[in-house]
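Asker: Please see the structure below; I have some questions.
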Amino acid sequence: MTDLTLIPATNAPIPAEPFIGKHLIDGAWVESADGAWFERHSPAHGDLISRSAQGGVAETEAAIAAARRAFDAGDWAFSSGADRAKILLKVADLIDEKRDQIVLIETLESGKPISQAKAEIDGAADLWRYAAALARTMHGDSHNSLGPDMLGLVLKEPIGVVSLITPWNFPFLIISQKLPFALAAGCTAVVKPSEMTPSTTVILGGLLQEAGLPAGVVNIVLGHGDPVGALMSTHADVDMVSFTGSTGVGKRISAAASETLKKVSLELGGKNPQVIFPDADLDAAADAITFGIYFNAGECCNSGSRIIVHEDIAEALTEKVVALSRRVPFGDPLDSKTQVGAIISPEHQAKIDGYVKQAVAAGATLALGGAALDLEGMDGQFYGPTVVTGVTPEMPIASEEVFGPVLSVLTFRDMEDAISLANSASYGLSAGVWSRDVHICLTFSRRVQAGTVWTNTWMDGFAELPFGGVKQSGQGRELGHYGLEEFLEVKTVQMRIGDTRAPWVA
Ligand code: NAD
């Protein structure tokens, strides 16, 4: 593997003392009643990064009760959009101010490269600003054509208490895709970050307080899916669950929430295809494919983990991707040159390797990689850039989420074949098409089953554009005004004008 671009350990300092995280309940930072704590070590360096209070039923119930009281009191729900926007804008400014601290902890807990963490925190601040604009511009409808004596109003109201449950791969960005939109709508919230990456959500809690958010409007409980997330999904005082994470847990949450018929919004996994036609700009496609598979070490719902390439150009394109893969810097996340960092846990690293070994045993070929990386001076887990060719649709690597830096290459003959392969997975998060022919791009875009389609590009994202999945990639949308609508309920008000109602009783 010496022909790869590897970044050894830097001497960048890691904080000597771990970050201490407590629950934020009704405006107070508290430890768990039973005194339980859990720790997170850097997946790249092995150092202890954080100690967090480990929540249980008592903390979760207290947080839900605080959010319920804050919502029912009405001060937040009925505050003006202008007042809510002022707080959201202040939070965005505070994120900018505290950027270095957030970036460092995010990098150390997740293993992602520090340059990428910076971009994510900047992107998150932008989302708080965008949601502030939505808070001031949201409105319902009026119906003035129901007859001379009737006026109809459609009010948009906050849905109530929302549970926000987030994963470990983009901790600060994903909570920022949910929380500012929920707050803009006038909801109150209970937040649970992943047990792997709790600390930047705790920092955010401090920023919310500093920005003047009233006590109880946002509560944070640290801990595991069971019992914290599970109770947040079943409790009768919660009106909605917004979850980002695996499809398996999403299904469990959906089933658990059905007991109380609470609304559920799910952002789940993906097995995202990029289809490359022979007339495509192969250099541009190869670069985007390389980005799509190695970004965040492939631990990304939008990972472009399977390419479906026309058989006439498959070899040429694969060669280009392999050559580019060797140039991507893998290594110490704290080095600003690194583009791919560590894998989140040893268990996950073993799972990634298992998919690769299974594919090779079933007849696939390794064009590159297929093994862990041993990096000088590092005490964590890293997986090498991996390109697997000769993948067939029945192999698990072709249809399941590997969530690692592992690209599967499949081939097609014509458009029908390409569409059928692209739509063969149970997921439907995102898809891409590469061709210089706009008709090919549009035909593919219309027929592929995905929430987002990129044509001649990959993984661009904008606060203005909705994001979410179809099929088993989820339900509901984040971002854009759709992201706000998720947290709003519709109320119809019908008003009679004057004394015109004919009596029902003769
Ligand atoms: P995960 O499903 O294991 O955990 C996500 C969160 O759910 C964590 O906070 C966890 O503690 C909690 N949880 C676990 N069990 C629970 C339960 N029974 N009830 C309630 N909460 C529970 O996911 P992960 O491993 O943290 O993240 C990776 C997954 O997230 C991948 O599948 C990825 O595709 C998906 N993801 C999707 C998007 C998207 O926008 N579609 C974005 C990022 C990640």
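By convention in this document, the chains of the structure tokens carry letters A, B, ... by their order, each chain's residues are numbered from 1, and ligands are numbered from 1 in the order they are shown.
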Please run DSSP on the backbone and report, as a ChimeraX atom specification, all residues within range 36-101 of chain A that come out as alpha helix (DSSP H).

Answerer: /A:57-73,81-97,99-101

Asker: Enumerate residues in contact with ligand 1: an atom-to-atom distance of at most 6 Å, counting only C-alpha atoms and all ligand atoms. Format the result as a PyMOL selection string.

Answerer: chain A and resi 165-168+192-195+224-226+229-230+244-247+249+253+267-270+300-301

Asker: Grab the residues selected above and save them as a PDB file, in the first residue's frame with C-alpha atoms.

Answerer:
ATOM      1  CA  ILE A 165     -32.274  12.056  17.476  1.00  0.00           C
ATOM      2  CA  THR A 166     -28.999  12.317  15.557  1.00  0.00           C
ATOM      3  CA  PRO A 167     -26.180  10.018  14.326  1.00  0.00           C
ATOM      4  CA  TRP A 168     -22.393  10.210  14.687  1.00  0.00           C
ATOM      5  CA  LYS A 192     -30.252  13.237  21.812  1.00  0.00           C
ATOM      6  CA  PRO A 193     -26.905  13.151  20.014  1.00  0.00           C
ATOM      7  CA  SER A 194     -25.154   9.884  19.247  1.00  0.00           C
ATOM      8  CA  GLU A 195     -23.290   8.308  22.168  1.00  0.00           C
ATOM      9  CA  HIS A 224     -27.743   5.481  24.345  1.00  0.00           C
ATOM     10  CA  GLY A 225     -30.587   4.637  22.009  1.00  0.00           C
ATOM     11  CA  ASP A 226     -31.994   2.439  24.728  1.00  0.00           C
ATOM     12  CA  GLY A 229     -33.925   7.457  22.239  1.00  0.00           C
ATOM     13  CA  ALA A 230     -36.533   4.746  22.748  1.00  0.00           C
ATOM     14  CA  THR A 244     -31.465  10.677  11.296  1.00  0.00           C
ATOM     15  CA  GLY A 245     -29.687   7.349  11.410  1.00  0.00           C
ATOM     16  CA  SER A 246     -29.797   3.801  10.154  1.00  0.00           C
ATOM     17  CA  THR A 247     -32.801   2.312   8.385  1.00  0.00           C
ATOM     18  CA  VAL A 249     -33.381   1.964  13.908  1.00  0.00           C
ATOM     19  CA  ILE A 253     -38.746   4.278  15.858  1.00  0.00           C
ATOM     20  CA  GLU A 267     -33.542  10.532   7.261  1.00  0.00           C
ATOM     21  CA  LEU A 268     -32.037   7.074   6.768  1.00  0.00           C
ATOM     22  CA  GLY A 269     -29.414   5.185   4.828  1.00  0.00           C
ATOM     23  CA  GLY A 270     -28.629   5.040   1.134  1.00  0.00           C
ATOM     24  CA  CYS A 300     -21.979   9.220   4.730  1.00  0.00           C
ATOM     25  CA  CYS A 301     -25.648   8.642   3.889  1.00  0.00           C
TER      26      CYS A 301
END

Asker: Using only C-alpha atoms, which residue out of A:Arg446, A:Pro396, A:Arg496, A:Leu488 lies closest to Gly140 in chain A?

Answerer: A:Leu488

Asker: Check the smallest atom-to-atom distance from each of A:Ala132, A:Ala398, A:Val275, A:Val433 to Tyr355 in chain A using only C-alpha atoms, then report the winner.

Answerer: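 Among the listed residues, A:Ala398 lies closest to Tyr355 in chain A.
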
Asker: What are the DSSP strand (DSSP E) residues of range 18-96 of chain A, as a list in words?

Answerer: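 Written out, the strand (DSSP E) residues of range 18-96 of chain A are Phe19, Ile20, Gly21, His23, Leu24, Ile25, Ala28, Trp29, Val30, Trp37, Phe38, Glu39, Arg40, His41, Leu48, Ile49, Ser50, Arg51, Ser52 and Ala53 of chain A.
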
Asker: Can you pull out every residue within 10 Å of range 358-366 of chain A, counting only C-alpha atoms, but drop anything in the same chain fewer than 2 positions away, and send it as a list in words?

Answerer: Asp353, Gly354, Tyr355, Val356, Leu368, Gly369, Gly370, Thr386, Val387, Val388, Thr389, Gly390, Val391, Thr392, Glu394, Met395, Pro396, Ile397, Ala398, Ser408 and Val409 of chain A

Asker: Go ahead and save the residues from that selection, with all heavy atoms, as a short mmCIF file (atom, residue, chain, number, x, y, z; two decimals), in the first residue's frame.

Answerer:
data_model
loop_
_atom_site.label_atom_id
_atom_site.label_comp_id
_atom_site.auth_asym_id
_atom_site.auth_seq_id
_atom_site.Cartn_x
_atom_site.Cartn_y
_atom_site.Cartn_z
N ASP A 353 -14.70 -4.33 6.36
CA ASP A 353 -13.78 -5.34 5.83
C ASP A 353 -14.55 -6.62 5.47
O ASP A 353 -14.24 -7.28 4.48
CB ASP A 353 -12.69 -5.62 6.87
CG ASP A 353 -11.51 -6.34 6.25
OD1 ASP A 353 -11.07 -5.92 5.16
OD2 ASP A 353 -11.06 -7.34 6.83
N GLY A 354 -15.56 -6.92 6.29
CA GLY A 354 -16.37 -8.12 6.04
C GLY A 354 -17.08 -8.05 4.69
O GLY A 354 -17.12 -9.04 3.94
N TYR A 355 -17.62 -6.88 4.36
CA TYR A 355 -18.30 -6.72 3.06
C TYR A 355 -17.32 -6.96 1.91
O TYR A 355 -17.63 -7.59 0.92
CB TYR A 355 -18.88 -5.30 2.93
CG TYR A 355 -20.26 -5.15 3.51
CD1 TYR A 355 -20.48 -4.40 4.66
CD2 TYR A 355 -21.36 -5.75 2.89
CE1 TYR A 355 -21.75 -4.25 5.18
CE2 TYR A 355 -22.64 -5.60 3.41
CZ TYR A 355 -22.84 -4.85 4.55
OH TYR A 355 -24.09 -4.71 5.06
N VAL A 356 -16.10 -6.41 2.06
CA VAL A 356 -15.10 -6.53 0.99
C VAL A 356 -14.70 -7.99 0.82
O VAL A 356 -14.70 -8.54 -0.29
CB VAL A 356 -13.87 -5.64 1.28
CG1 VAL A 356 -12.80 -5.84 0.23
CG2 VAL A 356 -14.28 -4.16 1.34
N LEU A 368 -8.21 -2.02 -6.10
CA LEU A 368 -7.37 -1.27 -5.15
C LEU A 368 -7.81 -1.59 -3.73
O LEU A 368 -9.01 -1.75 -3.46
CB LEU A 368 -7.54 0.25 -5.39
CG LEU A 368 -6.70 1.16 -4.49
CD1 LEU A 368 -5.21 1.08 -4.84
CD2 LEU A 368 -7.16 2.62 -4.59
N GLY A 369 -6.86 -1.64 -2.81
CA GLY A 369 -7.14 -1.65 -1.37
C GLY A 369 -7.70 -2.96 -0.86
O GLY A 369 -7.24 -4.04 -1.22
N GLY A 370 -8.70 -2.81 0.03
CA GLY A 370 -9.29 -4.00 0.62
C GLY A 370 -8.65 -4.37 1.94
O GLY A 370 -8.73 -5.51 2.38
N THR A 386 -10.60 1.72 -1.40
CA THR A 386 -10.87 0.39 -1.94
C THR A 386 -11.82 0.48 -3.13
O THR A 386 -12.87 1.12 -3.04
CB THR A 386 -11.48 -0.50 -0.82
OG1 THR A 386 -10.51 -0.61 0.23
CG2 THR A 386 -11.84 -1.89 -1.33
N VAL A 387 -11.43 -0.15 -4.22
CA VAL A 387 -12.27 -0.19 -5.42
C VAL A 387 -12.48 -1.67 -5.78
O VAL A 387 -11.52 -2.41 -5.98
CB VAL A 387 -11.59 0.55 -6.60
CG1 VAL A 387 -12.45 0.46 -7.86
CG2 VAL A 387 -11.33 2.02 -6.23
N VAL A 388 -13.76 -2.07 -5.81
CA VAL A 388 -14.09 -3.46 -6.08
C VAL A 388 -14.80 -3.53 -7.43
O VAL A 388 -15.85 -2.90 -7.61
CB VAL A 388 -15.01 -4.04 -4.97
CG1 VAL A 388 -15.17 -5.55 -5.15
CG2 VAL A 388 -14.49 -3.71 -3.58
N THR A 389 -14.21 -4.28 -8.36
CA THR A 389 -14.83 -4.42 -9.69
C THR A 389 -15.46 -5.81 -9.82
O THR A 389 -15.27 -6.66 -8.95
CB THR A 389 -13.80 -4.22 -10.81
OG1 THR A 389 -12.75 -5.17 -10.61
CG2 THR A 389 -13.21 -2.82 -10.79
N GLY A 390 -16.21 -5.97 -10.92
CA GLY A 390 -16.87 -7.27 -11.14
C GLY A 390 -17.96 -7.53 -10.11
O GLY A 390 -18.27 -8.69 -9.82
N VAL A 391 -18.54 -6.46 -9.57
CA VAL A 391 -19.60 -6.62 -8.57
C VAL A 391 -20.91 -6.94 -9.31
O VAL A 391 -21.21 -6.33 -10.34
CB VAL A 391 -19.75 -5.33 -7.73
CG1 VAL A 391 -20.96 -5.41 -6.82
CG2 VAL A 391 -18.48 -5.09 -6.92
N THR A 392 -21.66 -7.89 -8.80
CA THR A 392 -22.95 -8.23 -9.41
C THR A 392 -24.07 -7.88 -8.42
O THR A 392 -23.84 -7.82 -7.21
CB THR A 392 -23.01 -9.72 -9.78
OG1 THR A 392 -22.67 -10.49 -8.62
CG2 THR A 392 -22.04 -10.05 -10.90
N GLU A 394 -26.48 -9.28 -7.00
CA GLU A 394 -26.89 -10.11 -5.84
C GLU A 394 -25.90 -10.03 -4.67
O GLU A 394 -26.20 -10.46 -3.56
CB GLU A 394 -27.15 -11.56 -6.16
CG GLU A 394 -26.67 -12.38 -7.33
CD GLU A 394 -25.96 -11.79 -8.48
OE1 GLU A 394 -26.52 -10.92 -9.18
OE2 GLU A 394 -24.82 -12.22 -8.70
N MET A 395 -24.71 -9.49 -4.89
CA MET A 395 -23.74 -9.40 -3.79
C MET A 395 -24.20 -8.34 -2.77
O MET A 395 -24.59 -7.24 -3.18
CB MET A 395 -22.36 -9.00 -4.31
CG MET A 395 -21.72 -10.02 -5.24
SD MET A 395 -20.12 -9.38 -5.84
CE MET A 395 -19.68 -10.66 -7.01
N PRO A 396 -24.11 -8.64 -1.48
CA PRO A 396 -24.53 -7.64 -0.47
C PRO A 396 -23.82 -6.30 -0.65
O PRO A 396 -24.40 -5.24 -0.41
CB PRO A 396 -24.14 -8.31 0.85
CG PRO A 396 -24.20 -9.78 0.56
CD PRO A 396 -23.77 -9.93 -0.86
N ILE A 397 -22.57 -6.30 -1.12
CA ILE A 397 -21.82 -5.06 -1.28
C ILE A 397 -22.48 -4.13 -2.33
O ILE A 397 -22.26 -2.93 -2.33
CB ILE A 397 -20.35 -5.38 -1.68
CG1 ILE A 397 -19.43 -4.23 -1.32
CG2 ILE A 397 -20.22 -5.73 -3.16
CD1 ILE A 397 -17.95 -4.56 -1.46
N ALA A 398 -23.33 -4.73 -3.20
CA ALA A 398 -23.99 -3.95 -4.24
C ALA A 398 -25.28 -3.31 -3.76
O ALA A 398 -25.77 -2.35 -4.37
CB ALA A 398 -24.28 -4.83 -5.46
N SER A 408 -18.07 0.11 -5.19
CA SER A 408 -18.46 -1.06 -5.98
C SER A 408 -18.69 -0.62 -7.42
O SER A 408 -19.37 0.38 -7.66
CB SER A 408 -19.78 -1.65 -5.46
OG SER A 408 -19.58 -2.21 -4.20
N VAL A 409 -18.13 -1.36 -8.36
CA VAL A 409 -18.29 -1.01 -9.77
C VAL A 409 -19.14 -2.08 -10.46
O VAL A 409 -18.79 -3.26 -10.48
CB VAL A 409 -16.91 -0.93 -10.47
CG1 VAL A 409 -17.08 -0.50 -11.93
CG2 VAL A 409 -15.98 0.03 -9.74
#

Asker: Please report as a tab-separated table every residue of range 470-491 of chain A lying within 12 Å of range 160-164 of chain A, along with the nearest atom pair and their distance in Å (one decimal), using only C-alpha atoms.

Answerer:
residue	atom	partner	partner_atom	distance
A:Glu486	CA	A:Val162	CA	10.7
A:Phe487	CA	A:Gly160	CA	8.1
A:Leu488	CA	A:Gly160	CA	8.5
A:Glu489	CA	A:Gly160	CA	8.8

Asker: Measure the distance from CA of Asn11 in chain A to CA of Ala119 in chain A in Å and round it to one decimal.

Answerer: 22.4 Å

Asker: If you measure from CA of Val228 in chain A to CA of Gln475 in chain A, what distance in Å do you get, rounded to one decimal?

Answerer: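 Taking CA of Val228 in chain A and CA of Gln475 in chain A, their separation equals 22.3 Å.
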
Asker: Report the closest atom pair, with its distance in Å rounded to one decimal, for each residue of range 276-362 of chain A that has an atom no farther than 8 Å from range 98-115 of chain A; count only C-alpha atoms, sort by chain and then rising residue number, and write it as CSV.

Answerer:
residue,atom,partner,partner_atom,distance
A:Asn296,CA,A:Lys112,CA,6.1
A:Ala297,CA,A:Lys112,CA,7.7
A:Asp332,CA,A:Pro113,CA,7.5
A:Pro333,CA,A:Pro113,CA,4.0
A:Leu334,CA,A:Ile114,CA,5.5
A:Asp335,CA,A:Ile114,CA,7.1
A:Ser336,CA,A:Ser115,CA,5.7
A:Lys337,CA,A:Ser115,CA,7.8
A:Thr338,CA,A:Pro113,CA,5.9
A:Gln339,CA,A:Pro113,CA,5.9
A:Val340,CA,A:Pro113,CA,6.1
A:Gly341,CA,A:Lys112,CA,5.0
A:Ala342,CA,A:Gly111,CA,4.7
A:Ile343,CA,A:Gly111,CA,6.6
A:Ile344,CA,A:Ser110,CA,6.1

Asker: Can you spit out the residues from that selection as an mmCIF file, in the first residue's frame, using N, CA and C atoms?

Answerer:
data_model
loop_
_atom_site.group_PDB
_atom_site.id
_atom_site.type_symbol
_atom_site.label_atom_id
_atom_site.label_comp_id
_atom_site.auth_asym_id
_atom_site.auth_seq_id
_atom_site.Cartn_x
_atom_site.Cartn_y
_atom_site.Cartn_z
ATOM 1 N N ASN A 296 -15.767 11.837 4.080
ATOM 2 C CA ASN A 296 -16.120 11.338 5.421
ATOM 3 C C ASN A 296 -15.821 9.838 5.563
ATOM 4 N N ALA A 297 -14.767 9.383 4.852
ATOM 5 C CA ALA A 297 -14.367 7.968 4.866
ATOM 6 C C ALA A 297 -15.495 7.048 4.402
ATOM 7 N N ASP A 332 -3.941 11.292 9.642
ATOM 8 C CA ASP A 332 -4.266 11.993 10.880
ATOM 9 C C ASP A 332 -5.269 13.117 10.606
ATOM 10 N N PRO A 333 -6.452 13.026 11.200
ATOM 11 C CA PRO A 333 -7.483 14.052 10.956
ATOM 12 C C PRO A 333 -7.034 15.456 11.366
ATOM 13 N N LEU A 334 -6.040 15.539 12.262
ATOM 14 C CA LEU A 334 -5.624 16.859 12.741
ATOM 15 C C LEU A 334 -4.667 17.559 11.774
ATOM 16 N N ASP A 335 -4.212 16.856 10.737
ATOM 17 C CA ASP A 335 -3.352 17.492 9.733
ATOM 18 C C ASP A 335 -4.254 18.155 8.685
ATOM 19 N N SER A 336 -3.992 19.426 8.402
ATOM 20 C CA SER A 336 -4.891 20.143 7.488
ATOM 21 C C SER A 336 -4.850 19.578 6.069
ATOM 22 N N LYS A 337 -3.826 18.781 5.738
ATOM 23 C CA LYS A 337 -3.752 18.200 4.386
ATOM 24 C C LYS A 337 -4.648 16.953 4.244
ATOM 25 N N THR A 338 -5.019 16.346 5.379
ATOM 26 C CA THR A 338 -5.773 15.088 5.333
ATOM 27 C C THR A 338 -7.169 15.301 4.748
ATOM 28 N N GLN A 339 -7.557 14.390 3.831
ATOM 29 C CA GLN A 339 -8.910 14.450 3.277
ATOM 30 C C GLN A 339 -9.780 13.283 3.749
ATOM 31 N N VAL A 340 -9.153 12.215 4.246
ATOM 32 C CA VAL A 340 -9.916 11.084 4.787
ATOM 33 C C VAL A 340 -9.296 10.671 6.120
ATOM 34 N N GLY A 341 -10.122 10.624 7.157
ATOM 35 C CA GLY A 341 -9.624 10.338 8.496
ATOM 36 C C GLY A 341 -9.897 8.907 8.933
ATOM 37 N N ALA A 342 -10.274 8.776 10.214
ATOM 38 C CA ALA A 342 -10.403 7.446 10.824
ATOM 39 C C ALA A 342 -11.815 6.888 10.665
ATOM 40 N N ILE A 343 -11.918 5.571 10.855
ATOM 41 C CA ILE A 343 -13.216 4.886 10.897
ATOM 42 C C ILE A 343 -13.730 4.970 12.338
ATOM 43 N N ILE A 344 -15.034 5.129 12.480
ATOM 44 C CA ILE A 344 -15.631 5.527 13.762
ATOM 45 C C ILE A 344 -15.339 4.561 14.922
#

Asker: Could you check the closest approach to Arg68 in chain A for each of A:Leu48, A:Ile87, A:Cys187, A:Ala125 and tell me which residue wins, using only C-alpha atoms?

Answerer: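 Checking each candidate against Arg68 in chain A, we get A:Cys187 as the closest.
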
Asker: Skipping near chain neighbours, those fewer than 5 positions away, what residues fall within 8 Å of range 219-221 of chain A using only C-alpha atoms, listed as a list in words?

Answerer: Lys22, His23, Leu24, Ile25, Asp26, Gly27, Gly55, Glu59, Thr60, Ala63, Ile64, Ala66, Ala67, Ala189, Val190, Val191, Lys192, Pro193, Val202, Gly205 and Val228 of chain A

Asker: State, in Å with one decimal place, the distance from CA of Ala425 in chain A to CA of Glu400 in chain A.

Answerer: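 Separation between CA of Ala425 in chain A and CA of Glu400 in chain A: 7.9 Å.
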
Asker: Contacts of Pro385 in chain A at 9 Å or less, counting only C-alpha atoms, minus same-chain residues fewer than 5 places along, as a list in words?

Answerer: Leu4, Ile293, Tyr294, Ala297, Val322, Ser325, Arg326, Val328, Phe330, Leu368, Gly369, Gly370, Ala371, Gly404, Pro405, Val406 and Leu407 of chain A

Asker: Show me, as a list in words, the residues that have an atom within 7 Å of Val448 in chain A when counting only C-alpha atoms, minus same-chain residues fewer than 5 positions from it.

Answerer: Ile419, Ala422 and Asn423 of chain A

Asker: So that I can check the surroundings of range 441-445 of chain A, please list as an mmCIF file with all heavy atoms, in the first residue's frame every protein, DNA and RNA residue that reaches within 8 Å of it, counting only C-alpha atoms and ignoring chain neighbours fewer than 6 positions away.

Answerer:
data_model
loop_
_atom_site.group_PDB
_atom_site.id
_atom_site.type_symbol
_atom_site.label_atom_id
_atom_site.label_comp_id
_atom_site.auth_asym_id
_atom_site.auth_seq_id
_atom_site.Cartn_x
_atom_site.Cartn_y
_atom_site.Cartn_z
ATOM 1 N N MET A 415 -29.917 2.304 -21.392
ATOM 2 C CA MET A 415 -30.638 3.092 -20.383
ATOM 3 C C MET A 415 -31.543 2.219 -19.509
ATOM 4 O O MET A 415 -31.574 2.371 -18.293
ATOM 5 C CB MET A 415 -31.451 4.190 -21.095
ATOM 6 C CG MET A 415 -32.355 4.995 -20.196
ATOM 7 S SD MET A 415 -31.493 6.062 -19.003
ATOM 8 C CE MET A 415 -31.257 7.550 -19.949
ATOM 9 N N ILE A 419 -31.284 2.045 -15.490
ATOM 10 C CA ILE A 419 -32.386 2.426 -14.581
ATOM 11 C C ILE A 419 -32.738 1.243 -13.684
ATOM 12 O O ILE A 419 -32.937 1.396 -12.477
ATOM 13 C CB ILE A 419 -33.646 2.833 -15.395
ATOM 14 C CG1 ILE A 419 -33.349 4.058 -16.266
ATOM 15 C CG2 ILE A 419 -34.848 3.036 -14.497
ATOM 16 C CD1 ILE A 419 -33.482 5.369 -15.593
ATOM 17 N N VAL A 433 -26.137 11.097 -12.456
ATOM 18 C CA VAL A 433 -25.987 10.673 -13.840
ATOM 19 C C VAL A 433 -24.936 11.556 -14.505
ATOM 20 O O VAL A 433 -24.887 12.769 -14.261
ATOM 21 C CB VAL A 433 -27.342 10.715 -14.596
ATOM 22 C CG1 VAL A 433 -27.981 12.089 -14.578
ATOM 23 C CG2 VAL A 433 -27.182 10.229 -16.034
ATOM 24 N N TRP A 434 -24.102 10.930 -15.322
ATOM 25 C CA TRP A 434 -23.031 11.639 -16.039
ATOM 26 C C TRP A 434 -23.207 11.423 -17.534
ATOM 27 O O TRP A 434 -23.104 10.297 -18.028
ATOM 28 C CB TRP A 434 -21.663 11.120 -15.587
ATOM 29 C CG TRP A 434 -21.352 11.543 -14.183
ATOM 30 C CD1 TRP A 434 -21.747 10.917 -13.038
ATOM 31 C CD2 TRP A 434 -20.628 12.713 -13.782
ATOM 32 N NE1 TRP A 434 -21.307 11.616 -11.938
ATOM 33 C CE2 TRP A 434 -20.605 12.737 -12.368
ATOM 34 C CE3 TRP A 434 -19.983 13.747 -14.470
ATOM 35 C CZ2 TRP A 434 -19.978 13.731 -11.642
ATOM 36 C CZ3 TRP A 434 -19.345 14.746 -13.744
ATOM 37 C CH2 TRP A 434 -19.362 14.735 -12.345
ATOM 38 N N SER A 435 -23.490 12.515 -18.251
ATOM 39 C CA SER A 435 -23.621 12.482 -19.712
ATOM 40 C C SER A 435 -23.623 13.925 -20.195
ATOM 41 O O SER A 435 -24.066 14.829 -19.472
ATOM 42 C CB SER A 435 -24.940 11.794 -20.108
ATOM 43 O OG SER A 435 -25.202 12.022 -21.475
ATOM 44 N N VAL A 453 -31.329 14.019 -7.133
ATOM 45 C CA VAL A 453 -30.569 13.554 -8.300
ATOM 46 C C VAL A 453 -29.558 14.634 -8.669
ATOM 47 O O VAL A 453 -29.902 15.812 -8.777
ATOM 48 C CB VAL A 453 -31.486 13.303 -9.522
ATOM 49 C CG1 VAL A 453 -30.667 12.709 -10.671
ATOM 50 C CG2 VAL A 453 -32.628 12.361 -9.157
ATOM 51 N N THR A 455 -26.897 15.785 -11.612
ATOM 52 C CA THR A 455 -26.487 15.510 -12.983
ATOM 53 C C THR A 455 -25.164 16.234 -13.227
ATOM 54 O O THR A 455 -25.047 17.433 -13.018
ATOM 55 C CB THR A 455 -27.542 15.953 -14.032
ATOM 56 O OG1 THR A 455 -27.486 17.349 -14.190
ATOM 57 C CG2 THR A 455 -28.949 15.524 -13.629
#
